[in-house]
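Here is run-v3.csv, consisting of CSV, C-alpha atoms and all ligand atoms:
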```
chain,number,residue,atom,x,y,z
A,1,MET,CA,94.5,85.1,248.3
A,2,ASN,CA,95.2,86.5,251.7
A,3,ARG,CA,93.0,89.5,252.2
A,4,ARG,CA,92.4,91.8,255.2
A,5,GLU,CA,89.1,91.6,257.1
A,6,THR,CA,88.1,95.1,255.7
A,7,LEU,CA,89.2,95.2,252.1
A,8,GLY,CA,91.2,98.3,251.0
A,9,ILE,CA,89.9,99.4,247.6
A,10,ALA,CA,91.6,101.6,245.0
A,11,VAL,CA,88.9,103.3,242.8
A,12,VAL,CA,90.5,104.2,239.5
A,13,GLY,CA,88.5,107.1,237.8
A,14,THR,CA,86.6,109.5,240.0
A,15,GLY,CA,84.1,110.9,237.4
A,16,ARG,CA,80.4,110.3,237.7
A,17,MET,CA,80.5,106.5,238.2
A,18,GLY,CA,83.7,106.4,240.2
A,19,ALA,CA,82.6,109.1,242.7
A,20,ASP,CA,79.2,107.2,243.1
A,21,HIS,CA,81.1,103.9,243.8
A,22,VAL,CA,83.3,105.7,246.3
A,23,ARG,CA,80.1,106.9,248.1
A,24,ARG,CA,78.7,103.4,247.9
A,25,ILE,CA,81.8,101.7,249.4
A,26,ASP,CA,82.2,104.4,252.0
A,27,ARG,CA,78.6,104.7,253.2
A,28,VAL,CA,76.4,101.9,251.8
A,29,ILE,CA,78.0,98.5,251.7
A,30,SER,CA,80.0,96.6,254.3
A,31,GLY,CA,83.4,94.9,254.4
A,32,ALA,CA,85.4,97.4,252.4
A,33,ARG,CA,86.8,100.9,252.6
A,34,VAL,CA,88.2,103.3,250.0
A,35,ALA,CA,91.9,103.3,250.6
A,36,ALA,CA,92.9,105.1,247.4
A,37,VAL,CA,91.4,107.0,244.5
A,38,VAL,CA,93.0,107.7,241.2
A,39,ASP,CA,92.3,110.2,238.4
A,40,ILE,CA,94.4,111.8,235.7
A,41,ASP,CA,92.6,114.9,236.8
A,42,ARG,CA,94.4,115.4,240.1
A,43,ALA,CA,92.0,118.0,241.5
A,44,ARG,CA,89.1,115.6,240.9
A,45,ALA,CA,90.8,112.8,242.7
A,46,GLU,CA,91.8,115.1,245.6
A,47,ALA,CA,88.3,116.4,246.0
A,48,VAL,CA,86.8,112.9,246.2
A,49,ALA,CA,89.6,111.7,248.6
A,50,ALA,CA,88.9,114.7,250.9
A,51,GLY,CA,85.4,113.3,251.6
A,52,VAL,CA,86.7,109.9,252.8
A,53,ASP,CA,88.6,109.1,256.0
A,54,GLY,CA,92.0,107.5,255.3
A,55,CYS,CA,91.9,107.8,251.5
A,56,THR,CA,94.9,108.9,249.5
A,57,ALA,CA,94.6,110.6,246.1
A,58,TYR,CA,96.8,109.5,243.2
A,59,VAL,CA,97.2,110.4,239.5
A,60,ASP,CA,98.9,107.1,238.6
A,61,ALA,CA,96.9,103.8,239.0
A,62,ASP,CA,100.0,101.7,239.2
A,63,GLU,CA,101.4,103.7,242.1
A,64,ALA,CA,98.0,103.4,244.0
A,65,MET,CA,98.0,99.6,243.4
A,66,ALA,CA,101.5,99.4,244.9
A,67,SER,CA,100.2,100.8,248.2
A,68,ALA,CA,100.2,98.3,251.0
A,69,ASP,CA,96.7,99.6,251.9
A,70,VAL,CA,95.2,98.3,248.6
A,71,ASP,CA,93.8,94.8,248.3
A,72,ALA,CA,91.4,95.2,245.3
A,73,VAL,CA,90.7,97.6,242.5
A,74,LEU,CA,87.5,99.1,241.1
A,75,VAL,CA,88.0,100.5,237.6
A,76,ALA,CA,85.6,103.3,236.7
A,77,SER,CA,87.8,105.3,234.3
A,78,SER,CA,86.8,105.9,230.7
A,79,GLY,CA,86.6,102.7,228.7
A,80,ALA,CA,89.7,103.4,226.7
A,81,ALA,CA,91.8,103.5,229.9
A,82,HIS,CA,90.5,100.1,231.2
A,83,GLU,CA,93.0,97.8,229.5
A,84,GLU,CA,96.0,99.5,231.1
A,85,ALA,CA,94.4,99.5,234.6
A,86,LEU,CA,93.4,95.8,234.3
A,87,LEU,CA,96.9,94.7,233.2
A,88,ALA,CA,98.4,96.7,236.1
A,89,ALA,CA,96.1,95.0,238.5
A,90,PHE,CA,97.0,91.6,237.0
A,91,ALA,CA,100.7,92.3,237.5
A,92,ARG,CA,100.0,92.6,241.3
A,93,ASP,CA,97.4,89.8,241.3
A,94,LEU,CA,94.7,92.2,242.6
A,95,PRO,CA,91.0,91.3,242.1
A,96,VAL,CA,89.1,93.9,240.0
A,97,LEU,CA,85.6,95.1,239.5
A,98,CYS,CA,85.8,96.7,236.1
A,99,GLU,CA,82.9,99.0,234.9
A,100,LYS,CA,81.5,98.1,231.5
A,101,PRO,CA,82.8,98.0,228.8
A,102,LEU,CA,85.6,95.6,229.7
A,103,THR,CA,87.5,97.5,226.9
A,104,PRO,CA,86.0,99.4,223.9
A,105,ASP,CA,86.9,96.8,221.2
A,106,ALA,CA,87.3,93.1,220.7
A,107,ALA,CA,91.1,93.0,220.1
A,108,SER,CA,91.9,94.8,223.4
A,109,ALA,CA,89.3,92.6,225.3
A,110,LEU,CA,91.0,89.5,223.8
A,111,ARG,CA,94.4,90.8,225.1
A,112,VAL,CA,93.0,91.3,228.6
A,113,MET,CA,91.4,87.8,228.5
A,114,GLU,CA,94.6,86.2,227.3
A,115,ALA,CA,96.5,87.9,230.1
A,116,GLU,CA,94.0,86.6,232.7
A,117,VAL,CA,94.1,83.1,231.2
A,118,ALA,CA,97.9,83.2,231.5
A,119,LEU,CA,97.6,83.9,235.2
A,120,GLY,CA,95.5,80.7,235.5
A,121,HIS,CA,92.8,82.2,237.7
A,122,ARG,CA,90.0,84.7,237.4
A,123,LEU,CA,90.6,88.2,238.8
A,124,VAL,CA,87.9,90.2,237.0
A,125,GLN,CA,84.2,90.8,237.6
A,126,VAL,CA,82.8,93.0,234.8
A,127,GLY,CA,80.3,95.7,235.8
A,128,PHE,CA,77.2,94.5,233.9
A,129,MET,CA,75.1,95.5,236.9
A,130,ARG,CA,71.7,94.6,235.3
A,131,ARG,CA,72.5,91.0,236.4
A,132,TYR,CA,72.0,92.3,240.0
A,133,ASP,CA,68.8,94.3,239.3
A,134,THR,CA,65.8,92.7,241.2
A,135,GLU,CA,63.6,92.8,238.1
A,136,TYR,CA,66.1,91.2,235.8
A,137,VAL,CA,66.9,88.6,238.4
A,138,ARG,CA,63.2,87.7,238.7
A,139,LEU,CA,62.9,87.5,234.9
A,140,LYS,CA,65.9,85.2,234.7
A,141,ALA,CA,64.5,83.0,237.5
A,142,LEU,CA,61.1,82.8,235.8
A,143,LEU,CA,62.6,81.8,232.4
A,144,GLY,CA,64.7,79.2,234.2
A,145,THR,CA,61.6,77.5,235.6
A,146,GLY,CA,60.4,76.7,232.1
A,147,GLN,CA,56.8,77.7,232.9
A,148,LEU,CA,56.6,80.0,229.9
A,149,GLY,CA,58.3,77.5,227.6
A,150,ARG,CA,61.2,78.3,225.3
A,151,PRO,CA,62.0,82.0,224.9
A,152,LEU,CA,61.6,83.0,221.2
A,153,MET,CA,62.2,86.7,221.3
A,154,LEU,CA,63.3,89.5,223.6
A,155,HIS,CA,62.1,93.1,223.0
A,156,ASN,CA,64.3,95.7,224.7
A,157,ARG,CA,63.9,99.4,225.0
A,158,HIS,CA,66.8,101.5,226.3
A,159,ARG,CA,66.2,105.3,226.5
A,160,ASN,CA,68.4,108.0,228.0
A,161,VAL,CA,67.3,111.6,228.5
A,162,ALA,CA,70.2,113.1,226.6
A,163,SER,CA,73.6,111.9,225.3
A,164,PRO,CA,76.9,113.5,226.5
A,165,PRO,CA,78.6,115.8,224.0
A,166,PHE,CA,81.3,113.3,223.1
A,167,PHE,CA,78.8,110.5,222.1
A,168,THR,CA,79.1,109.1,218.6
A,169,SER,CA,76.7,107.0,216.5
A,170,SER,CA,78.7,103.9,217.2
A,171,MET,CA,78.7,104.6,221.0
A,172,LEU,CA,75.0,104.0,221.0
A,173,ILE,CA,76.0,100.4,220.4
A,174,THR,CA,79.4,100.1,222.2
A,175,ASP,CA,78.4,102.1,225.3
A,176,SER,CA,74.6,101.6,225.6
A,177,VAL,CA,73.5,98.5,223.7
A,178,ALA,CA,76.4,96.7,225.4
A,179,HIS,CA,74.0,96.2,228.3
A,180,GLU,CA,71.3,94.5,226.2
A,181,VAL,CA,74.0,92.4,224.5
A,182,ASP,CA,75.0,91.1,228.0
A,183,VAL,CA,71.4,90.6,229.3
A,184,THR,CA,70.4,88.8,226.1
A,185,ARG,CA,73.3,86.4,226.5
A,186,TRP,CA,72.6,86.0,230.3
A,187,LEU,CA,68.8,85.7,230.1
A,188,LEU,CA,68.8,83.2,227.2
A,189,GLY,CA,72.1,81.4,227.9
A,190,HIS,CA,73.0,81.8,224.2
A,191,GLU,CA,75.9,83.5,222.4
A,192,ILE,CA,75.0,86.2,219.9
A,193,SER,CA,75.8,85.1,216.3
A,194,ALA,CA,74.8,88.0,214.1
A,195,VAL,CA,73.8,91.7,214.3
A,196,THR,CA,71.7,94.0,212.1
A,197,VAL,CA,71.2,97.7,212.7
A,198,LEU,CA,68.4,99.8,211.2
A,199,CYS,CA,68.1,103.5,211.6
A,200,PRO,CA,65.1,105.7,211.2
A,201,GLU,CA,65.5,109.4,210.2
A,202,PRO,CA,67.2,110.8,213.3
A,203,SER,CA,65.2,112.5,216.0
A,204,SER,CA,65.2,116.3,215.8
A,205,GLY,CA,66.4,116.2,219.4
A,206,ALA,CA,69.6,114.4,218.5
A,207,PRO,CA,72.8,116.5,218.2
A,208,GLY,CA,73.8,117.1,214.6
A,209,GLY,CA,75.0,114.0,212.8
A,210,LEU,CA,74.1,111.6,215.6
A,211,ARG,CA,72.1,108.6,214.4
A,212,ASP,CA,69.7,108.4,217.2
A,213,PRO,CA,67.5,106.3,217.7
A,214,GLN,CA,68.7,103.0,216.3
A,215,PHE,CA,67.0,99.6,216.1
A,216,VAL,CA,69.4,96.7,216.7
A,217,VAL,CA,68.5,93.0,216.0
A,218,LEU,CA,70.6,90.4,217.7
A,219,GLU,CA,70.4,86.7,216.5
A,220,THR,CA,71.5,84.0,218.9
A,221,ASP,CA,73.1,80.7,218.4
A,222,GLY,CA,70.1,79.1,220.2
A,223,GLY,CA,67.7,80.4,217.4
A,224,ALA,CA,66.2,83.3,219.4
A,225,LEU,CA,65.9,87.0,218.4
A,226,SER,CA,66.5,90.0,220.6
A,227,ASP,CA,65.7,93.5,219.4
A,228,VAL,CA,66.8,96.7,221.0
A,229,GLU,CA,65.4,100.2,220.6
A,230,ILE,CA,68.3,102.5,221.7
A,231,PHE,CA,67.3,106.1,221.9
A,232,VAL,CA,69.8,108.3,223.9
A,233,ASN,CA,68.1,111.7,223.4
A,234,CYS,CA,64.5,110.8,224.2
A,235,GLY,CA,64.2,113.9,226.5
A,236,PHE,CA,61.7,112.6,229.0
A,237,GLY,CA,63.4,110.0,231.2
A,238,TYR,CA,65.6,107.0,231.7
A,239,GLN,CA,63.8,103.9,230.6
A,240,VAL,CA,65.1,100.3,230.4
A,241,GLN,CA,62.4,97.7,229.6
A,242,ALA,CA,62.5,94.1,228.5
A,243,GLU,CA,59.8,91.7,227.4
A,244,ALA,CA,60.5,88.0,226.9
A,245,VAL,CA,58.1,86.3,224.4
A,246,CYS,CA,58.1,82.6,225.0
A,247,GLU,CA,56.2,79.6,223.6
A,248,ARG,CA,53.5,79.7,226.3
A,249,GLY,CA,53.5,83.3,227.6
A,250,THR,CA,55.3,86.5,228.0
A,251,ALA,CA,57.1,88.3,230.9
A,252,ARG,CA,57.9,92.0,231.0
A,253,ILE,CA,60.0,94.2,233.3
A,254,GLY,CA,60.9,97.9,233.5
A,255,ASP,CA,57.5,99.5,233.5
A,256,GLY,CA,58.3,101.2,236.8
A,257,HIS,CA,54.8,101.2,238.2
A,258,GLU,CA,55.8,101.4,241.8
A,259,LEU,CA,53.8,104.4,242.7
A,260,VAL,CA,50.7,105.4,240.7
A,261,THR,CA,48.9,108.6,241.6
A,262,ASN,CA,45.4,109.8,240.5
A,263,MET,CA,45.1,113.6,240.5
A,264,ALA,CA,43.3,116.3,238.6
A,265,GLY,CA,41.7,114.0,236.0
A,266,ARG,CA,45.0,112.1,235.3
A,267,TRP,CA,46.8,109.0,236.6
A,268,GLY,CA,50.5,108.3,236.4
A,269,GLY,CA,53.9,107.9,238.1
A,270,THR,CA,57.4,109.3,237.7
A,271,ILE,CA,60.2,108.2,235.4
A,272,PRO,CA,63.8,108.1,236.7
A,273,GLN,CA,66.1,110.5,235.0
A,274,ASP,CA,69.3,108.4,234.9
A,275,TRP,CA,70.9,105.1,235.6
A,276,THR,CA,72.2,106.0,239.1
A,277,GLU,CA,68.5,106.3,240.1
A,278,ARG,CA,67.0,103.4,238.1
A,279,PHE,CA,69.8,100.9,239.0
A,280,ALA,CA,70.8,102.1,242.5
A,281,GLN,CA,69.8,98.8,244.0
A,282,ALA,CA,71.7,96.9,241.3
A,283,TYR,CA,74.9,98.8,241.8
A,284,ASP,CA,74.7,98.4,245.6
A,285,ASP,CA,74.2,94.6,245.3
A,286,GLU,CA,76.8,94.3,242.5
A,287,VAL,CA,79.5,96.0,244.6
A,288,GLN,CA,78.5,94.1,247.8
A,289,ALA,CA,78.6,90.8,245.9
A,290,TRP,CA,82.1,91.7,244.6
A,291,VAL,CA,83.4,92.6,248.1
A,292,ASP,CA,81.9,89.5,249.7
A,293,ALA,CA,83.4,87.2,247.0
A,294,THR,CA,86.8,88.9,247.2
A,295,ARG,CA,86.8,88.5,251.0
A,296,ARG,CA,86.1,84.8,250.5
A,297,GLY,CA,89.0,84.6,248.0
A,298,GLU,CA,86.5,84.0,245.1
A,299,VAL,CA,85.7,85.8,241.8
A,300,THR,CA,82.1,85.6,240.7
A,301,GLY,CA,79.7,87.5,238.5
A,302,PRO,CA,80.1,88.5,234.8
A,303,SER,CA,83.5,87.4,233.6
A,304,THR,CA,86.2,88.6,231.3
A,305,TRP,CA,84.7,86.2,228.7
A,306,ASP,CA,81.4,88.0,229.1
A,307,GLY,CA,83.2,91.3,228.6
A,308,TYR,CA,85.0,90.0,225.6
A,309,ALA,CA,81.9,88.5,224.0
A,310,ALA,CA,80.0,91.8,224.5
A,311,ALA,CA,82.9,93.7,222.9
A,312,ALA,CA,83.0,91.3,219.9
A,313,VAL,CA,79.2,91.6,219.4
A,314,CYS,CA,79.3,95.4,219.7
A,315,GLU,CA,82.1,95.6,217.2
A,316,ALA,CA,80.0,93.5,214.7
A,317,GLY,CA,77.1,95.9,215.6
A,318,VAL,CA,79.2,99.0,214.6
A,319,ARG,CA,80.1,97.3,211.3
A,320,ALA,CA,76.4,96.6,210.8
A,321,LEU,CA,75.6,100.2,211.5
A,322,GLU,CA,78.3,101.5,209.1
A,323,THR,CA,77.5,99.1,206.2
A,324,GLY,CA,73.7,98.7,206.6
A,325,ARG,CA,74.3,94.9,206.4
A,326,ARG,CA,73.8,91.9,208.7
A,327,VAL,CA,77.2,91.1,210.3
A,328,GLU,CA,78.1,87.7,211.7
A,329,VAL,CA,79.9,87.7,215.1
A,330,SER,CA,83.2,85.8,215.2
A,331,LEU,CA,84.3,84.7,218.7
A,332,ALA,CA,87.6,83.3,219.8
A,333,GLU,CA,87.5,79.8,221.4
A,334,ARG,CA,86.1,80.0,225.0
A,335,PRO,CA,88.9,79.3,227.4
A,336,GLY,CA,88.2,76.5,230.0
A,337,LEU,CA,88.9,79.1,232.8
A,338,TYR,CA,85.4,80.5,232.2
A,339,GLY,CA,83.5,77.3,232.3
A,340,ALA,CA,81.0,76.1,229.7
A,341,GLU,CA,77.9,78.0,230.5
A,342,VAL,CA,77.1,81.3,228.7
A,401,LIG,N1,77.2,100.4,234.6
A,401,LIG,C1,76.6,101.5,234.2
A,401,LIG,O1,75.4,101.6,234.1
A,401,LIG,C2,77.5,102.7,233.8
A,401,LIG,C3,76.9,104.0,233.8
A,401,LIG,C4,77.8,105.0,233.5
A,401,LIG,C5,79.1,104.8,233.1
A,401,LIG,N2,79.6,103.5,233.1
A,401,LIG,C6,81.0,103.2,232.8
A,401,LIG,O2,81.8,103.7,233.9
A,401,LIG,C7,83.0,104.2,233.3
A,401,LIG,C8,83.2,105.7,233.7
A,401,LIG,O3,82.0,106.4,233.2
A,401,LIG,P1,81.7,107.9,233.8
A,401,LIG,O4,80.3,108.2,233.3
A,401,LIG,O5,81.9,107.9,235.3
A,401,LIG,O6,82.7,108.8,233.0
A,401,LIG,P2,83.4,110.2,233.5
A,401,LIG,O7,83.9,110.8,232.3
A,401,LIG,O8,82.4,110.9,234.4
A,401,LIG,O9,84.6,109.7,234.4
A,401,LIG,C9,85.7,109.1,233.9
A,401,LIG,C10,86.9,109.5,234.8
A,401,LIG,O10,88.0,108.7,234.5
A,401,LIG,C11,89.2,109.6,234.5
A,401,LIG,N3,90.2,108.9,233.7
A,401,LIG,C12,90.4,108.9,232.4
A,401,LIG,N4,91.5,108.2,232.1
A,401,LIG,C13,92.1,107.8,233.3
A,401,LIG,C14,93.2,107.1,233.6
A,401,LIG,N5,94.0,106.6,232.7
A,401,LIG,N6,93.5,106.9,234.9
A,401,LIG,C15,92.7,107.4,235.9
A,401,LIG,N7,91.6,108.1,235.6
A,401,LIG,C16,91.3,108.3,234.3
A,401,LIG,C17,88.7,110.9,233.9
A,401,LIG,O11,89.5,112.0,234.3
A,401,LIG,C18,87.3,111.0,234.6
A,401,LIG,O12,87.4,111.6,235.8
A,401,LIG,C19,82.9,104.0,231.8
A,401,LIG,O13,83.5,102.8,231.5
A,401,LIG,C20,81.4,103.9,231.5
A,401,LIG,O14,81.1,103.2,230.4
A,401,LIG,C21,78.8,102.5,233.5
A,402,LIG,O1,77.5,104.6,229.9
A,402,LIG,C1,76.1,104.7,230.1
A,402,LIG,C2,75.6,103.6,231.0
A,402,LIG,O2,76.1,102.4,230.7
A,402,LIG,C3,74.1,103.6,231.1
A,402,LIG,O3,73.7,102.5,231.9
A,402,LIG,C4,73.4,103.5,229.8
A,402,LIG,O4,72.0,103.6,229.9
A,402,LIG,C5,73.9,104.7,228.9
A,402,LIG,O5,73.3,104.6,227.6
A,402,LIG,C6,75.4,104.6,228.7
A,402,LIG,O6,75.8,105.7,227.9
```
When written as C-alpha cells, how does the structure in this file appear?
Ligand SMILES: NC(=O)c1ccc[n+]([C@@H]2O[C@H](COP(=O)([O-])OP(=O)(O)OC[C@H]3O[C@@H](n4cnc5c(N)ncnc54)[C@H](O)[C@@H]3O)[C@@H](O)[C@H]2O)c1
Ligand SMILES: O[C@H]1[C@H](O)[C@@H](O)[C@H](O)[C@@H](O)[C@H]1O
Amino acid sequence: MNRRETLGIAVVGTGRMGADHVRRIDRVISGARVAAVVDIDRARAEAVAAGVDGCTAYVDADEAMASADVDAVLVASSGAAHEEALLAAFARDLPVLCEKPLTPDAASALRVMEAEVALGHRLVQVGFMRRYDTEYVRLKALLGTGQLGRPLMLHNRHRNVASPPFFTSSMLITDSVAHEVDVTRWLLGHEISAVTVLCPEPSSGAPGGLRDPQFVVLETDGGALSDVEIFVNCGFGYQVQAEAVCERGTARIGDGHELVTNMAGRWGGTIPQDWTERFAQAYDDEVQAWVDATRRGEVTGPSTWDGYAAAAVCEAGVRALETGRRVEVSLAERPGLYGAEV
C-alpha cells in the first residue's frame, strides 16, 4: 500500500456515529483528515462537510471512494448498508474501519469475508471499540497473566437509557449484545458454541411489544459461560459492566466510581447517559490505532472473521429468542488469512 503522509478518509454515513467520527478525525486524532463524507441524506452530508476544511459531500459512496483525495474509508452508515460499502472499498483496495455490526446477518457477513479472502489480504478493522477501552484492556491483561486461574464465567450487564423508535426485540441481540459476543470471544479466546435467551415479563418502560430486558446465555467451546443482561430502556443511564469469575478470584469492570461525592446525607457519582460518553476514550484510541496501522500499510484490530463470528452468534441468538430453545452456533471454516487465535 502506498499511502499519503496524512490519510484522506471518506466517512460513509453522517448520522450520530459518523458525525462523531468526523469530529474525532478532524479535531482529536493525528495523521488523518476527513477528505469526503457520504450520506444518502444529502443535506446531512453537506451540513457535516461544511464544518470541515477541504471536505467534499457525496450521496454515493462509490463516487467518493473514486476521489483521488481518498486513501481509506470509515463506514458508519446503518448496518444494512455496510455490505455494499465494504465491497465498493474492496474493489478499490481501500482499507476500511467498519462500525459494528460488520453486516446484520451471517450470510452477508460470509459474503464479505469471502470477498476479502479472495483479495488475499486483510482490509477491514471492525468497530468493536470495547477492545480499546482502558478497563476492558486491563481485564484482558489480568486474565492473560493467569493469576486468577481459568475463567469459568463472565457476567455482563448492558443497559441503555432508551431504545430508538425503530428498535425490534431481535435488535437487542444483533445491535446491542453483539458487543458482549465480541468481548466474550476476545476476553476468553473461545468461540461461542450455543446461545439461549430468556425473557422476563417486559418492563413497563419498554415500547409496546418490545421484549426488553432479555437474559442471554452464551456457551463457549472452551467450556465457559457468559451471561448478558441486556436492558435498553432502563431509563437511568448507560451502564456496561463485566465480571470475570475465575478459579482463584474475580475481576470486575464498569462500576464507574471515578468521582464519588458525599453530600446532604448521601454518597454517589454520576452515570453516563450514552456510549459516546462512556466509550469516548475507546473510540479515540480505536480510530487512532486504525489510522496508525493504515499509515504503516498494516491492518490490525478486530477482523472480518470476528465480525462474521459475531453475526453468526447473534443470528443463533435471534433464533433462540424466537423459539425459546438453546440454539447451537454453526461457523464456517476459519480462513488462514485470519490466523488461528480467536
Ligand atoms: N460502536 C458503537 O458503540 C456504536 C454506537 C452506535 C452506533 N454504532 C453503529 O454505527 C452505525 C451507525 O449508527 P448511528 O447510530 O450513527 O445511526 P444513524 O441512523 O444516526 O446514522 C446512519 C446514517 O447512515 C446514513 N445511510 C444509510 N444508508 C446509507 C448509504 N447506503 N450510504 C450512505 N449513508 C447511508 C443515514 O442516512 C444516516 O445518516 C451502525 O452500524 C451502528 O450499529 C456503533
Ligand atoms: O448501536 C448501539 C451501540 O452499539 C451501543 O454501544 C450499544 O450500547 C447500543 O445498545 C446499540 O444500540
Check which residues of region 116-195 of chain A sit at most 8 Å from region 250-261 of chain A using all atoms listed in the file, and return one row each with the closest pair of atoms and their distance in Å to one decimal, ordered by chain and rising number, as CSV.
```
residue,atom,partner,partner_atom,distance
A:Glu135,CA,A:Ile253,CA,6.2
A:Tyr136,CA,A:Ile253,CA,7.2
A:Leu139,CA,A:Ala251,CA,7.1
A:Leu148,CA,A:Thr250,CA,6.9
```
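For the set A:Leu123, A:Ala316, A:Ile29, A:Val22, the residue with the smallest atom-to-atom gap to Ala47 (chain A) is A:Val22, counting all atoms listed in the file.
The interatomic distance for the pair CA of Asp39 (chain A) and CA of Ala162 (chain A) works out to 25.2 Å.
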Task: Within-10 Å residues of ligand LIG 402 (chain A), basis all atoms listed in the file, as a PyMOL selection string - done: chain A and resi 17+78-79+99-101+127-130+158-164+167+171-180+230-233+238-240+274-276+278-279
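In this comparison, which uses only C-alpha atoms, the residue of A:Gly265, A:Gly205, A:Pro272, A:Gly307 approaching Val181 (chain A) most closely is A:Gly307.
Proximity ranking of A:Gln147, A:Thr220, A:Ser169, A:Ser203 relative to Gly189 (chain A) places A:Thr220 first, based on only C-alpha atoms.
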Task: atom C10 of ligand LIG 401 (chain A) to CA of Arg16 (chain A), straight-line distance in Å - done: 7.2 Å
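Put simply, CA of Val59 (chain A) is 7.2 Å away from atom N7 of ligand LIG 401 (chain A).
For the residues A:Ala118, A:Ala106, A:Ala242, A:Leu154, ranking by smallest atom-to-atom distance to Glu83 (chain A) using all atoms listed in the file places A:Ala106 first.
Closest approach to ligand LIG 401 (chain A) from the set A:Gln214, A:Gln281, A:Thr56, A:Ser77 is made by A:Ser77, with distances taken over only C-alpha atoms and all ligand atoms.
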Task: Selected residue, from A:Arg33, A:Arg185, A:Arg24, A:Arg44, that lies nearest to ligand LIG 401 (chain A) when counting all atoms listed in the file - done: A:Arg44
Open item on the list: Residues near Gly339 (chain A), anyone? I mean within 12 Å using all atoms listed in the file, not counting same-chain ones fewer than 2 positions away, as a VMD selection string.
Closed with: chain A and resid 121 to 122 300 302 to 306 333 to 337 341 to 342
Task: Distance query Val48 (chain A) at most 12 Å, all atoms listed in the file, self and fewer than 6 positions along chain excluded, as JSON, numbers by chain - done: {"A": [11, 12, 13, 14, 15, 16, 18, 19, 20, 21, 22, 23, 26, 34, 35, 36, 37, 38, 39, 41, 42, 54, 55, 56, 57, 58]}
Find the spatial neighbours of Ala224 (chain A), counting all atoms listed in the file, within a cut-off of 8 Å - ignore same-chain residues fewer than 4 positions away - and output them as a PDB file with C-alpha atoms, keeping the file's coordinate frame.
```pdb
ATOM      1  CA  PRO A 151      62.000  82.000 224.900  1.00  0.00           C
ATOM      2  CA  LEU A 152      61.600  83.000 221.200  1.00  0.00           C
ATOM      3  CA  MET A 153      62.200  86.700 221.300  1.00  0.00           C
ATOM      4  CA  GLU A 219      70.400  86.700 216.500  1.00  0.00           C
ATOM      5  CA  THR A 220      71.500  84.000 218.900  1.00  0.00           C
TER       6      THR A 220
END
```
- [ ] Give as a PyMOL selection string every residue, naming chains and numbers as the document does, that has an atom within 8 Å of (103.8, 97.9, 239.5), counting only C-alpha atoms.
- [x] chain A and resi 62-63+65-66+88+91-92
TODO: Within 12 Å of Ala293 (chain A), counting all atoms listed in the file, which residues show up once you throw out same-chain ones fewer than 4 positions away? Write them as a VMD selection string, please.
DONE: chain A and resid 1 3 7 31 to 32 72 95 to 97 122 to 125 285 to 289 297 to 301
